[in-house]
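K.L.:
My structure is stored as my_file-v7.txt, with compact mmCIF, C-alpha atoms.
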# COMPACT_ATOMS: atom_id res chain seq x y z
CA MET A 1 20.34 11.86 -12.18
CA LEU A 2 17.31 10.73 -10.28
CA PHE A 3 18.35 12.45 -7.05
CA GLN A 4 20.75 15.34 -6.74
CA LEU A 5 22.17 15.10 -3.24
CA TYR A 6 24.86 17.74 -3.46
CA SER A 7 23.26 20.44 -1.33
CA ASP A 8 23.32 21.06 2.41
CA HIS A 9 19.88 19.47 2.67
CA ALA A 10 20.94 16.07 1.35
CA VAL A 11 20.48 14.31 4.70
CA MET A 12 16.96 15.68 5.11
CA GLN A 13 16.10 14.62 1.56
CA ILE A 14 17.26 11.06 2.26
CA VAL A 15 15.39 10.98 5.59
CA GLY A 16 12.23 12.24 3.89
CA TRP A 17 12.51 9.63 1.14
CA VAL A 18 13.01 6.83 3.68
CA LEU A 19 10.04 8.01 5.77
CA ALA A 20 7.78 8.21 2.72
CA PHE A 21 8.87 4.75 1.57
CA CYS A 22 8.31 3.25 5.04
CA GLY A 23 4.90 4.96 5.19
CA LEU A 24 3.87 3.34 1.92
CA ILE A 25 4.94 -0.08 3.15
CA LEU A 26 3.13 0.41 6.46
CA MET A 27 -0.11 1.54 4.81
CA ASN A 28 0.06 -1.39 2.40
CA GLU A 29 0.40 -3.84 5.29
CA ILE A 30 -2.48 -2.22 7.19
CA GLY A 31 -4.68 -2.37 4.09
CA ARG A 32 -3.76 -5.97 3.43
CA LYS A 33 -4.27 -7.30 6.95
CA THR A 34 -7.40 -5.41 7.99
CA LYS A 35 -10.82 -4.65 6.58
CA ILE A 36 -9.96 -0.94 6.48
CA GLY A 37 -8.23 -1.12 3.11
CA GLY A 38 -8.92 -2.91 -0.09
CA MET A 39 -11.82 -3.17 -2.49
CA THR A 40 -15.21 -4.34 -1.33
CA VAL A 41 -17.01 -7.13 -3.16
CA PRO A 42 -20.76 -6.75 -3.75
CA GLN A 43 -22.89 -9.33 -1.96
CA TRP A 44 -24.22 -10.93 -5.16
CA GLU A 45 -20.69 -11.33 -6.49
CA SER A 46 -19.50 -12.87 -3.24
CA THR A 47 -22.38 -15.36 -3.36
CA LEU A 48 -21.60 -16.19 -6.99
CA ILE A 49 -17.95 -16.84 -6.16
CA GLN A 50 -18.93 -19.18 -3.31
CA GLU A 51 -21.31 -21.10 -5.58
CA LEU A 52 -18.66 -21.49 -8.26
CA ARG A 53 -16.15 -22.77 -5.74
CA ALA A 54 -18.65 -25.37 -4.56
CA LEU A 55 -18.85 -26.87 -8.07
Show this structure as structure tokens.
P.N.:
Amino acid sequence: MLFQLYSDHAVMQIVGWVLAFCGLILMNEIGRKTKIGGMTVPQWESTLIQELRAL
């Protein structure tokens, strides 16, 4: 089994899993919608992309 939820701590395990999952979703949204996260593009590459789009 992936999760064994037979102990007395089953509720806390589920709560911890849900919090971790929600944290991953939240950090993904922050990284996607702000400049804080994500990969940076070098200036020469950004200029090259703009020139290719203009063609």
K.L.:
For range 13-28 of chain A, what centre and edge lengths in Å (one decimal) does the axis-aligned box get once 4 Å is added on each side of all its listed atoms, as lines of an AutoDock Vina configuration file?
P.N.:
center_x = 8.6
center_y = 6.6
center_z = 3.8
size_x = 25.4
size_y = 24.0
size_z = 13.3
K.L.:
Would you mind reading off the distance between CA of Asn28 in chain A and CA of Gln4 in chain A, one decimal, in Å?
P.N.:
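That distance, rounded to one decimal, is 28.1 Å.
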K.L.:
Take CA of Val15 in chain A and CA of Lys33 in chain A and report the distance between them in Å, one decimal.
P.N.:
26.9 Å
